[in-house]
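Asker: The structure is given below, and queries will be raised subsequently.
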Amino acid sequence: MELPSALEPVKSHIEAKYPLLYLLTWEEARVCGHLMLLTTELKPPRLMYFWSVTEGYSGQAEGQPVAMNDPLAAIDYAIETTESALFVLKDFHPYLRDDHRVIRRLRDAYQALQGTGKTLILLGPILSVPTELEKEITVLDYPLPDFLEANQILVDVVEAEQPGALTQLDARQSEALVRVFLGLTADEIAAVARKVISRRKSFSVNAMEEVIEEKRNILRKSEILEFIINKVRIRQVGGLKNFKRWAKLRANGFTKEAREFGLPVPKGVLITGISGCGKSLVIQALADLWHLPLLRLDMGRVFSGFAGTPEESLRRAILTVEAVAPAVLWIDEIEMGVSVFSDSIQSGSTSRIFASFLTWMQEKKAPVFIAATANDIDRLPPEFIRKGRFDEVFFVDLPKSEERAEIVRIHLEKRGKRASDVSIEGLVKSTEGYTGAEIEQAIITALFEAFGQSREMEINDIYRALGNMVPLSVTMKEQITKQKRWADNRAVRAN
């Protein structure tokens, strides 16, 4: 029997007779089912016992001791049983926070189970390893379903609910559909599939948008990770030719052909520069150009602790992103999150979180491309922006004349106005020193002015809107000058 790939690290640790394992997962039922498959594949085979505080031991346990819902008794039973077995203790983390007797007994179990073929497995969604057990417990993140497993879950659900519902899709469409489900738990995949079938009675190409929306709603519950339904195209970004060329050269960087050619997987890009000049927009366009899913991580909420402990929030986010990979992970205004870290640098816990994130950036195996933006580069520590974390650091400056002409055309056409009806040359001169966002806002203000008077917009409406606006290049002149000086020999110009 071929075991799920997620089980391989667990299998190797058990066969090596590790006495204490900690499996981090939301998916208790899925992992317990996988472990049951594993028992017969191990050499020698193992018995399997499950324990919870509500039900005590279940499975193949016999002669259960009194007070089996007592965590100490559960550990004692594992120590005293003579058979080679796996003992899965569900949701054991509360006892590792403040029960010194349980902590002490687990240290005893570590010694007693050495080399016996018995393994205690702590199973739950929250990591809680006291200092006393850091060297005894081996922590393993149990990954979310990969492509093969997600595909099997989808097929099983469809065949049970609506046989033949997948027949409308060809091979390419079927693959695209399964990839949309990646990043969800097995139960979430099944639930979303059933919901779509109940509404549509079949899976068509149009059903993918519904799946994407359901996935977006599920990920939103994490409060730190958002699945972006991306509709920004590279042609909708004015200027930034150097960055666009760089991005287009790497459009096929995640393919097997790129690996065979000797190319490394693209790691990431840091885009800094003047606010309102298209940093966030161009990241969305990059994800579309590369045909990769886009997820946005709120680092401020991670380090603030509003969405749970920073360690747990970041671990869950990374696990989800890696399940979706290849993907683009967008971290907007990353200096905001890092500054929270800097403000609490004295915290050993916070320091460890930041260090582990930097290590993941450097050593991640999953094809996750990190696309970060920063308005104030001075707030980022040097170790964050050094080579190896990012493939390149770009600086986005105020748009040049040619870029402003492109920006004006894009925003006029976006709102159903023909650029040929307006003197682009005059607007290009009048918008010198304006950001792309300010140019867009001037056009919107001009449209409101014309709409309010029940007439077509005129070029003078745009001039008036520009005249009433104080551009960022004036209000933040000193800061912008400082940013440009920083970029002179530290970043590649995106413009």
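Just remember, in the structure tokens the first chain shown is A, the second B, etc., residues are 1-based per chain, and ligands are 1-based in the order shown.
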Each residue of segment 385-415 of chain A lying at most 10 Å from segment 432-447 of chain A should get a row with its shortest atom-to-atom pair and the distance in Å to one decimal, counting only C-alpha atoms; could you produce that, ordered by chain and increasing number, as CSV?

Answerer:
residue,atom,partner,partner_atom,distance
A:Asp397,CA,A:Thr435,CA,8.8
A:Leu398,CA,A:Thr435,CA,5.7
A:Pro399,CA,A:Thr435,CA,6.6
A:Lys400,CA,A:Glu432,CA,7.6
A:Ser401,CA,A:Glu432,CA,7.2
A:Glu403,CA,A:Gly436,CA,9.0
A:Arg404,CA,A:Gly436,CA,7.3
A:Glu406,CA,A:Gly436,CA,9.9
A:Ile407,CA,A:Gly436,CA,6.6
A:Val408,CA,A:Ile439,CA,7.1
A:Ile410,CA,A:Glu440,CA,9.2
A:His411,CA,A:Glu440,CA,6.2
A:Leu412,CA,A:Ile443,CA,7.4
A:Arg415,CA,A:Ile444,CA,8.9

Asker: List as a VMD selection string the protein and nucleic acid residues near segment 221-232 of chain A, meaning an atom at most 9 Å away when only C-alpha atoms are counted, but skip any in the same chain fewer than 2 places from it.

Answerer: chain A and resid 212 to 213 215 to 219 234 to 237 281 to 282 284 to 288 293 to 302 306 to 307 313 to 314 316 to 317 320 to 321

Asker: Deliver the residues from the most recent selection as a file, using C-alpha atoms, as a compact mmCIF listing (two decimals), in the first residue's frame.

Answerer:
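As a result, again07.txt now contains:
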# COMPACT_ATOMS: atom_id res chain seq x y z
CA ILE A 212 -12.37 30.48 -5.05
CA GLU A 213 -14.88 32.65 -3.18
CA LYS A 215 -11.82 29.41 -0.18
CA ARG A 216 -11.40 33.15 0.34
CA ASN A 217 -14.07 33.10 3.05
CA ILE A 218 -12.43 30.16 4.81
CA LEU A 219 -8.95 31.72 4.82
CA ILE A 234 0.26 43.82 -16.32
CA ARG A 235 -1.09 46.13 -19.04
CA GLN A 236 -3.05 47.99 -16.35
CA VAL A 237 0.18 49.14 -14.69
CA LEU A 281 -0.52 47.12 -7.97
CA VAL A 282 2.53 45.68 -9.72
CA GLN A 284 -0.90 41.82 -8.19
CA ALA A 285 0.02 42.14 -11.86
CA LEU A 286 3.07 39.91 -11.31
CA ALA A 287 0.91 37.12 -9.84
CA ASP A 288 -1.39 37.34 -12.85
CA PRO A 293 -2.42 32.26 -6.78
CA LEU A 294 -1.89 35.36 -4.65
CA LEU A 295 -2.15 35.38 -0.86
CA ARG A 296 -1.64 38.45 1.31
CA LEU A 297 -0.08 38.15 4.77
CA ASP A 298 -0.71 40.86 7.37
CA MET A 299 2.58 40.90 9.31
CA GLY A 300 1.31 43.64 11.61
CA ARG A 301 -1.43 41.37 12.88
CA VAL A 302 0.99 38.45 13.17
CA PHE A 306 -4.46 40.10 17.78
CA ALA A 307 -5.02 36.89 15.79
CA SER A 313 -0.34 32.60 13.56
CA LEU A 314 2.85 32.56 11.52
CA ARG A 316 -0.44 28.33 10.31
CA ALA A 317 0.07 30.95 7.61
CA THR A 320 -1.30 27.17 4.30
CA VAL A 321 0.87 29.04 1.79

Asker: I'd like the contact shell of Pro145 of chain A - 12 Å cut-off, only C-alpha atoms, skipping same-chain residues fewer than 2 positions apart - returned as number ranges by chain.

Answerer: A: 4-7, 25-27, 30-31, 34, 142-143, 147-154, 178-179, 181-190, 319-320, 322-325

Asker: Neighbours of Pro264 of chain A within 12 Å (only C-alpha atoms; same-chain residues fewer than 2 positions away dropped), as a ChimeraX atom specification?

Answerer: /A:250,252-262,266-268,365,367,369,388,391

Asker: Atoms to include: C-alpha atoms. Write the selected residues as a PDB file, in the first residue's frame.

Answerer:
ATOM      1  CA  ARG A 250      11.000  34.923 -14.674  1.00  0.00           C
ATOM      2  CA  ASN A 252       8.381  30.431 -16.318  1.00  0.00           C
ATOM      3  CA  GLY A 253      10.739  30.236 -13.354  1.00  0.00           C
ATOM      4  CA  PHE A 254       8.629  27.654 -11.495  1.00  0.00           C
ATOM      5  CA  THR A 255       8.564  25.087 -14.298  1.00  0.00           C
ATOM      6  CA  LYS A 256      10.355  21.764 -14.510  1.00  0.00           C
ATOM      7  CA  GLU A 257      12.142  23.042 -17.614  1.00  0.00           C
ATOM      8  CA  ALA A 258      13.652  25.880 -15.558  1.00  0.00           C
ATOM      9  CA  ARG A 259      15.036  23.360 -13.028  1.00  0.00           C
ATOM     10  CA  GLU A 260      16.479  21.212 -15.808  1.00  0.00           C
ATOM     11  CA  PHE A 261      18.156  24.297 -17.255  1.00  0.00           C
ATOM     12  CA  GLY A 262      19.887  24.838 -13.914  1.00  0.00           C
ATOM     13  CA  PRO A 266      12.601  32.446  -7.719  1.00  0.00           C
ATOM     14  CA  LYS A 267      12.647  33.412  -4.037  1.00  0.00           C
ATOM     15  CA  GLY A 268      11.168  36.868  -3.802  1.00  0.00           C
ATOM     16  CA  LYS A 365      11.705  24.278  -0.009  1.00  0.00           C
ATOM     17  CA  PRO A 367       7.976  27.259  -4.305  1.00  0.00           C
ATOM     18  CA  PHE A 369       7.587  33.642  -4.011  1.00  0.00           C
ATOM     19  CA  GLY A 388      19.412  35.439  -0.257  1.00  0.00           C
ATOM     20  CA  ASP A 391      16.272  37.928  -5.542  1.00  0.00           C
TER      21      ASP A 391
END

Asker: Distance atom CA of Glu175 of chain A-atom CA of Arg233 of chain A, one decimal place?

Answerer: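 Between these atoms lies a distance of 22.9 Å.
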
Asker: I'd like the contact shell of Arg107 of chain A - 9 Å cut-off, only C-alpha atoms, skipping same-chain residues fewer than 4 positions apart - returned as an mmCIF file with N, CA and C atoms, in the first residue's frame.

Answerer:
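Result file follows (part08.cif):
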data_model
loop_
_atom_site.group_PDB
_atom_site.id
_atom_site.type_symbol
_atom_site.label_atom_id
_atom_site.label_comp_id
_atom_site.auth_asym_id
_atom_site.auth_seq_id
_atom_site.Cartn_x
_atom_site.Cartn_y
_atom_site.Cartn_z
ATOM 1 N N VAL A 102 2.508 16.612 34.803
ATOM 2 C CA VAL A 102 2.456 16.033 33.455
ATOM 3 C C VAL A 102 3.789 16.228 32.738
ATOM 4 N N ILE A 103 4.351 17.414 32.892
ATOM 5 C CA ILE A 103 5.649 17.702 32.247
ATOM 6 C C ILE A 103 6.712 16.737 32.773
ATOM 7 N N GLN A 111 12.497 8.719 28.807
ATOM 8 C CA GLN A 111 13.544 7.764 29.192
ATOM 9 C C GLN A 111 13.044 6.323 29.128
ATOM 10 N N ALA A 112 11.804 6.122 29.587
ATOM 11 C CA ALA A 112 11.281 4.751 29.665
ATOM 12 C C ALA A 112 11.006 4.143 28.291
ATOM 13 N N GLU A 132 11.292 22.571 29.675
ATOM 14 C CA GLU A 132 11.806 21.314 30.204
ATOM 15 C C GLU A 132 11.792 20.186 29.166
ATOM 16 N N LEU A 133 10.916 20.309 28.146
ATOM 17 C CA LEU A 133 10.760 19.233 27.172
ATOM 18 C C LEU A 133 11.298 19.576 25.788
ATOM 19 N N GLU A 136 13.432 16.833 24.410
ATOM 20 C CA GLU A 136 12.854 15.497 24.367
ATOM 21 C C GLU A 136 11.798 15.336 23.273
#

Asker: List the spatial neighbours of segment 66-77 of chain A as an NGL selection string - criterion: any atom at most 9 Å away, only C-alpha atoms, same-chain residues fewer than 5 positions off excluded.

Answerer: :A and (51-57 or 87 or 89 or 92 or 95 or 101-102 or 105-106 or 109 or 120)

Asker: So how far away is atom CA of Ile331 of chain A from atom CA of Ala372 of chain A, in Å?

Answerer: 4.6 Å

Asker: Which is closest to Leu358 of chain A among A:Glu383, A:Glu28, A:Glu333, A:Glu134, if we use only C-alpha atoms?

Answerer: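 Counting only C-alpha atoms, the residue closest to Leu358 of chain A is A:Glu383.
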
Asker: Record the distance separating atom CA of Val474 of chain A and atom CA of Gly278 of chain A, expressed in Å with one decimal.

Answerer: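 Result for atom CA of Val474 of chain A versus atom CA of Gly278 of chain A: 18.7 Å, one decimal.
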
Asker: Can you list, as a list in words, every protein, DNA or RNA residue that comes within 10 Å of segment 200-203 of chain A when you count only C-alpha atoms, leaving out same-chain residues fewer than 4 positions away?

Answerer: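 Contacts, in chain order: Val158, Glu161, Gln162, Pro163, Gly164, Ala165, Leu166, Thr167, Gln168, Leu169, Ser174, Leu177, Ala193, Arg194, Lys195, Val196, Ala207 and Met208 of chain A.
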
Asker: Run DSSP on the backbone and give me the residues of segment 55-118 of chain A it puts in strand (DSSP E or B), as a PyMOL selection string.

Answerer: chain A and resi 56-59+85-90

Asker: Write a file of the selected residues as a JSON list (two decimals), in the first residue's frame, keeping C-alpha atoms.

Answerer:
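Output below, filename out-v2.json:
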[["chain", "number", "residue", "atom", "x", "y", "z"],
["A", 56, "GLY", "CA", -10.07, 7.97, 27.68],
["A", 57, "TYR", "CA", -8.31, 5.30, 25.61],
["A", 58, "SER", "CA", -9.90, 3.73, 22.57],
["A", 59, "GLY", "CA", -8.66, 1.51, 19.77],
["A", 85, "ALA", "CA", 2.46, 0.54, 20.01],
["A", 86, "LEU", "CA", 1.65, 4.12, 19.07],
["A", 87, "PHE", "CA", -0.14, 6.14, 21.76],
["A", 88, "VAL", "CA", -1.90, 9.18, 20.27],
["A", 89, "LEU", "CA", -2.84, 11.75, 22.94],
["A", 90, "LYS", "CA", -5.32, 14.23, 21.49]]

Asker: When you count only C-alpha atoms, which of these residues is closest to Glu41 of chain A: A:Val396, A:Leu21, A:Ser12, A:Gln362?

Answerer: A:Ser12

Asker: Of the residues A:Pro9, A:Gly467, A:Met336, A:Ala171, which is the one nearest to Leu23 of chain A, using only C-alpha atoms?

Answerer: A:Pro9
